[in-house]
Number of protein chains: 2
Amino acid sequence: MDDLQAVSWLDGKVRLLDQTKLPEELILLEISDYRHIITSINNLTVRGAPAIGIAAAFGVVLAIWGADESDRADFLRNVNKAIDELKATRPTAKNLFWALEKMRTAMSKNLNRPLRQVKEAMLNEAKAILQDDIERCRKIGDFGQELLPFRCTVLTHCNAGALATGGHGTALGIVRSAIDKGKKIKVFVDETRPLLQGARLTTFELTEDDIDVTLITDNTAAYAMKKGLIDVVVVGADRIARNGDVANKIGTYGLSILAKEHKIPFIVAAPLSTFDPDLASGADIPIEERDGDEVRRIGSLQIAPEEVAVYNPAFDITPHNFISAIVSEKGIARFPTEEKLSEWLK
Amino acid sequence: MDDLQAVSWLDGKVRLLDQTKLPEELILLEISDYRHIITSINNLTVRGAPAIGIAAAFGVVLAIWGADESDRADFLRNVNKAIDELKATRPTAKNLFWALEKMRTAMSKNLNRPLRQVKEAMLNEAKAILQDDIERCRKIGDFGQELLPFRCTVLTHCNAGALATGGHGTALGIVRSAIDKGKKIKVFVDETRPLLQGARLTTFELTEDDIDVTLITDNTAAYAMKKGLIDVVVVGADRIARNGDVANKIGTYGLSILAKEHKIPFIVAAPLSTFDPDLASGADIPIEERDGDEVRRIGSLQIAPEEVAVYNPAFDITPHNFISAIVSEKGIARFPTEEKLSEWLK
């Protein structure tokens with residue numbers, strides 16, 4: 001997967017792997033206008049909380065890369081405008097806001113230097129956010145793999161893999177690190193309706209890495225657990241509140257209930273950029289509702305009457321008491337509580 | 001919906017509404033060869049436990065409708081062959097075996113009469129199975145509607161409606177009867193992957209009847225419950241064991257766990273033809289596993305890598321202790337137990 005980065009920087013352009021086209025087509029987009037980054041985040045060309053943050057950071061760089069280096073006021077205006085527009089793309093994932101704040105700080109800290117150097121500093125910050133995310137994922141993997149038995153089957157939901165991050169992945173980072181340690185890990189993956197990130201992306205990246213993967217419908221998870229096919233559930237996160245409540249792809253909350261019922265450990269993997277110390281609990285996390293056509297149609301295929309009402313929240317909230325452990329680059333928080341998580345955020 | 005019967009008999013032919021084409025196309029097939037009934041059950045042109053039983057009963061009629069009326073041994077052989085082949089189509093729904101046994105009995109009881117009269121008797125039996133099922137559904141509806149508050153939102157899974165039965169429906173029969181009584185009922189329906197019977201069929205038949213319906217992905221059920229959008233869950237059944245364990249469309253078991261977690265009543269509606277007194281518990285019910293391409297593809301659309309492994313059980317088992325009530329044409333069994341259900345089967 002190492003050559004298939006979700007987001008990278010290449011000679012003044014942002015390269016995105018078009019995740020709406022996988023696994024059928026492998027298309028690399030080269031983007032030089034930050035507004036194209038905005039549409040790419042909106043339409044899920046790039047998705048996954050950490051990857052969205054990385055793409056947005058590079059989007060800010062694009063917004064000023066060709067800018068006039070003599071007009072400081074204009075430069076500042078453009079950066080702030082781009083940050084505001086990028087912020088407005090999607091409401092749930094924390095990493096987007098986190099990365100954009102890092103970019104704003106990188107600008108502020110360097111604003112007394114020549115604009116050419118400010119640009120370079122901001123590019124370096126975006127590159128650092130990307131590189132840093134890969135390292136965080138590797139640490140998450142190394143800590144988290146300790147939670148997996150030597151031989152086990154992991155159920156995951158959506159795609160919290162290399163494609164959702166700078167590389168390696170969060171949930172799938174744990175799987176990869178366990179396999180690197182010689183453990184015998186199989187993966188079951190929920191297809192993850194409506195947008196099928198599990199069926200399209202997780203199967204793709206695990207198959208690329210020769211990891212044993214079995215696809216199931218979201219409906220099959222409970223029965224697979226009952227049949228003893230699942231040893232542990234590992235998922236990513238889009239935002240984690242102070243008390244350890246987790247926003248993640250719709251269906252995650254239900255999965256946590258099923259795991260509890262079957263006494264299967266339920267593990268959440270996320271870098272600290274996903275944590276939101278400003279929010280006391282999951283009740284405060286804004287949940288994006290997306291267009292009903294995502295459910296009524298699959299690609300160009302109409303699967304439900306055109307006029308039928310649809311309720312399509314893109315995320316749900318898993319309460320902290322349904323979570324066996326949260327894994328970050330700082331370590332493992334078993335039975336996460338505000339006290340334990342606050343240690344990481346100091 | 002009354003003009004849109006899943007199965008009917010028309011001048012020596014069986015008319016099937018092609019449920020693989022709905023809601024895009026409304027195609028009525030006229031079938032005169034029982035082997036075409038077999039393929040129609042296999043490929044889900046006709047589906048839903050009671051409707052499969054009805055179609056199979058008429059299939060037996062087709063197998064002998066044009067038969068030589070002088071060769072009794074050949075006639076008997078043909079009936080038994082057709083019954084055996086129809087039995088082998090799908091393993092889980094009880095109604096199929098129940099209806100075929102009724103047809104075998106209708107033949108045996110009349111076998112001393114002229115074959116022309118045996119044919120008529122068997123046609124009348126198949127027509128009675130159909131008519132009887134509609135009446136059973138109306139009784140289920142009338143009993144079951146008592147369980148619905150005056151104003152409520154019902155979540156249902158798959159299609160246990162008119163299209164799955166002779167008419168009126170089991171789970172949706174309860175909804176229809178409640179509305180007939182003047183109750184204000186809204187329906188949420190899981191799309192029900194992999195074959196999307198909720199998205200395609202339940203939305204279609206409820207919209208036809210001007211019933212307020214909202215489509216959700218299967219992943220959204222837990223979050224909708226948490227948000228207080230669901231008051232009661234009502235589903236159908238494919239087979240019910242002696243102790244009240246229920247086989248139904250994959251995802252039903254998970255839904256029952258979610259309902260329990262949110263303290264939402266979970267109701268199963270089915271005619272007695274779905275009950276299997278020979279099986280002590282759900283562990284004895286055979287679960288059909290279907291082709292992985294049902295998950296890898298939606299219609300002609302490839303949604304996962306062609307070579308990825310798939311686990312695709314078509315049904316799961318909901319334990320009786322997760323069920324608030326089973327409704328049959330005999331009444332309501334609250335917190336179903338073997339003792340209560342055995343009263344119905346006497």
# chains A, B, ... in the order shown; residues from 1 in each chain; ligands from 1
call {"tool": "closest_atom_pairs", "arguments": {"of": "region 194-214 of chain B", "to": "region 251-254 of chain B", "cutoff": "12 Å", "atoms": "only C-alpha atoms", "output": "Markdown table"}}
result
| residue | atom | partner | partner_atom | distance |
| --- | --- | --- | --- | --- |
| B:Pro194 | CA | B:Gly251 | CA | 10.2 |
| B:Leu196 | CA | B:Gly251 | CA | 11.9 |
| B:Gly198 | CA | B:Gly251 | CA | 11.8 |
call {"tool": "residues_around", "arguments": {"residues": "Leu29 (chain B)", "least_positions_apart": "4", "cutoff": "8 Å", "atoms": "only C-alpha atoms", "output": "PyMOL selection string"}}
result
chain B and resi 14-18
call {"tool": "closest_residue", "arguments": {"among": "B:Arg104, B:Lys181, B:Arg176, B:Lys87", "to": "Asn42 (chain B)", "atoms": "only C-alpha atoms"}}
result
B:Lys87
call {"tool": "interface_residues", "arguments": {"of": "chain B", "to": "chain A", "cutoff": "9 Å", "atoms": "only C-alpha atoms", "output": "number ranges by chain"}}
result
B: 22-24, 191-194, 196, 198-201, 203-204, 207, 212-224, 250-255, 257-258, 261, 292, 295-296, 298-305, 308-317
call {"tool": "residues_around", "arguments": {"residues": "Arg116 (chain A)", "least_positions_apart": "6", "cutoff": "12 Å", "atoms": "only C-alpha atoms", "output": "list in words"}}
result
Val61, Ile64, Trp65, Gly66, Ala67, Asp68, Glu69, Ser70, Asp71, Arg72, Phe75, Met107, Asn110, Met122 and Leu123 of chain A
call {"tool": "write_last_selection", "arguments": {"atoms": "N, CA, C and O atoms", "output": "compact mmCIF listing (two decimals), in the first residue's frame"}}
result
# COMPACT_ATOMS: atom_id res chain seq x y z
N VAL A 61 -2.15 25.35 1.67
CA VAL A 61 -0.91 25.66 0.94
C VAL A 61 -1.24 26.04 -0.51
O VAL A 61 -0.73 27.04 -1.03
N ILE A 64 -2.32 29.62 -1.22
CA ILE A 64 -1.35 30.73 -1.20
C ILE A 64 -0.09 30.44 -2.01
O ILE A 64 0.80 31.27 -2.10
N TRP A 65 -0.02 29.28 -2.63
CA TRP A 65 1.23 28.86 -3.28
C TRP A 65 1.63 29.80 -4.41
O TRP A 65 2.80 30.12 -4.58
N GLY A 66 0.65 30.24 -5.16
CA GLY A 66 0.97 31.14 -6.27
C GLY A 66 0.74 32.61 -5.94
O GLY A 66 0.78 33.47 -6.82
N ALA A 67 0.50 32.90 -4.65
CA ALA A 67 0.08 34.26 -4.27
C ALA A 67 1.20 35.30 -4.45
O ALA A 67 2.38 34.98 -4.34
N ASP A 68 0.78 36.49 -4.73
CA ASP A 68 1.64 37.68 -4.78
C ASP A 68 2.41 37.78 -3.46
O ASP A 68 1.82 37.71 -2.38
N GLU A 69 3.76 37.90 -3.55
CA GLU A 69 4.55 37.87 -2.32
C GLU A 69 4.85 39.26 -1.78
O GLU A 69 5.70 39.44 -0.91
N SER A 70 4.13 40.26 -2.31
CA SER A 70 4.38 41.63 -1.83
C SER A 70 3.21 42.16 -1.01
O SER A 70 3.36 43.10 -0.25
N ASP A 71 2.03 41.54 -1.13
CA ASP A 71 0.84 42.09 -0.47
C ASP A 71 0.47 41.23 0.74
O ASP A 71 -0.26 40.25 0.65
N ARG A 72 0.98 41.60 1.88
CA ARG A 72 0.82 40.82 3.11
C ARG A 72 -0.65 40.74 3.56
O ARG A 72 -1.12 39.70 4.01
N PHE A 75 -2.49 38.38 1.38
CA PHE A 75 -2.04 37.02 1.70
C PHE A 75 -2.80 36.50 2.92
O PHE A 75 -3.37 35.41 2.92
N MET A 107 1.17 29.92 10.01
CA MET A 107 1.20 31.22 9.35
C MET A 107 1.51 32.33 10.36
O MET A 107 2.43 33.12 10.16
N ASN A 110 5.01 32.83 11.57
CA ASN A 110 6.02 33.20 10.57
C ASN A 110 5.71 34.50 9.85
O ASN A 110 6.42 34.88 8.93
N MET A 122 4.61 27.11 5.75
CA MET A 122 3.27 26.49 5.74
C MET A 122 3.30 25.15 4.99
O MET A 122 2.65 24.18 5.41
N LEU A 123 4.06 25.11 3.90
CA LEU A 123 4.20 23.83 3.21
C LEU A 123 4.85 22.80 4.14
O LEU A 123 4.42 21.65 4.22
call {"tool": "select_by_dssp", "arguments": {"residues": "region 18-162 of chain A", "states": "helix (DSSP H, G or I)", "output": "ChimeraX atom specification"}}
result
/A:34-42,49-65,72-87,94-110,115-147,162
call {"tool": "closest_residue", "arguments": {"among": "A:Asn43, A:Asn80, A:Ser342, A:Asn124", "to": "Ser108 (chain A)", "atoms": "only C-alpha atoms"}}
result
A:Asn80
